[in-house]
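> My structure is below; once you've seen it, I'll send some questions.
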Amino acid sequence: VLWAGSAVTLVLVAWTLLATGAPASVRDQRLDRQRYSDITNIATRMRCTEGGILPDTLAPSDVAAYCPGRDIAPVTLRDPQTGAEYRYERLDDRRFALCADFVDPGFSQVNQSYGPNWLYDAQTGCITGRIR
């Protein structure tokens with residue numbers, strides 16, 4: 001009975017790991033979801049109908065000058081794991097690129113999406129956006 005109980009327990013543990021993934025894989029997926037959420041939130045905050053040309057950086061003072069009354073401070077501007085800033089580039093006066101380094105290679109394959117005035121490119125891990 002003891003051997004049978006141990007065997008059933010091992011089978012259940014193995015099945016659980018196969019069904020949910022290894023703990024490191026699950027952590028990577030969670031962090032990638034957070035990265036994606038962060039950069040889409042930043043892209044959404046960059047939409048400012050009364051704004052002029054895009055700021056050179058995402059520094060709160062630059063964003064405030066670009067769009068008076070818009071506060072980017074509540075949005076996370078750094079990678080949750082490494083603490084590195086997300087990459088932002090002003091492509092021209094009306095277009096920008098915002099990028100994150102995703103860990104799970106499968107994440108970018110699944111999460112291709114569009115938002116108001118931006119497009120996520122799974123190959124580069126970047127959002128390319130435009131303002132009105």
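Chain labels follow the order of the structure tokens: the first chain is A, the next B, and so on; residue numbering restarts at 1 in every chain, and ligands are counted from 1 in their shown order.
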Report as JSON, numbers by chain all protein, DNA and RNA residues lying within 7 Å of stretch 22-37 of chain A, evaluated on only C-alpha atoms, omitting residues in the same chain fewer than 2 positions from it.

{"A": [17, 20, 39, 40, 41, 79, 80, 100, 102, 103, 104]}

> Pick from A:Ile131, A:Leu98, A:Leu119, A:Ala84: nearest to A:Thr57, with only C-alpha atoms counted?

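Among the listed residues, the smallest separation from A:Thr57 belongs to A:Leu98.
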
> How many Å separate atom CA of A:Ala65 from atom CA of A:Arg45?

13.6 Å

> Could you jot down the atom CA of A:Thr44 to atom CA of A:Asp93 separation for me, Å, one decimal place?

16.8 Å

> Would you please work out which residue, of A:Cys67, A:Pro60, A:Asp101, A:Arg95, is nearest to A:Gly83 when using only C-alpha atoms?

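Result for the nearest residue to A:Gly83: A:Asp101.
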
> How many Å separate atom CA of A:Arg94 from atom CA of A:Arg130?

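A separation of 5.4 Å between them.
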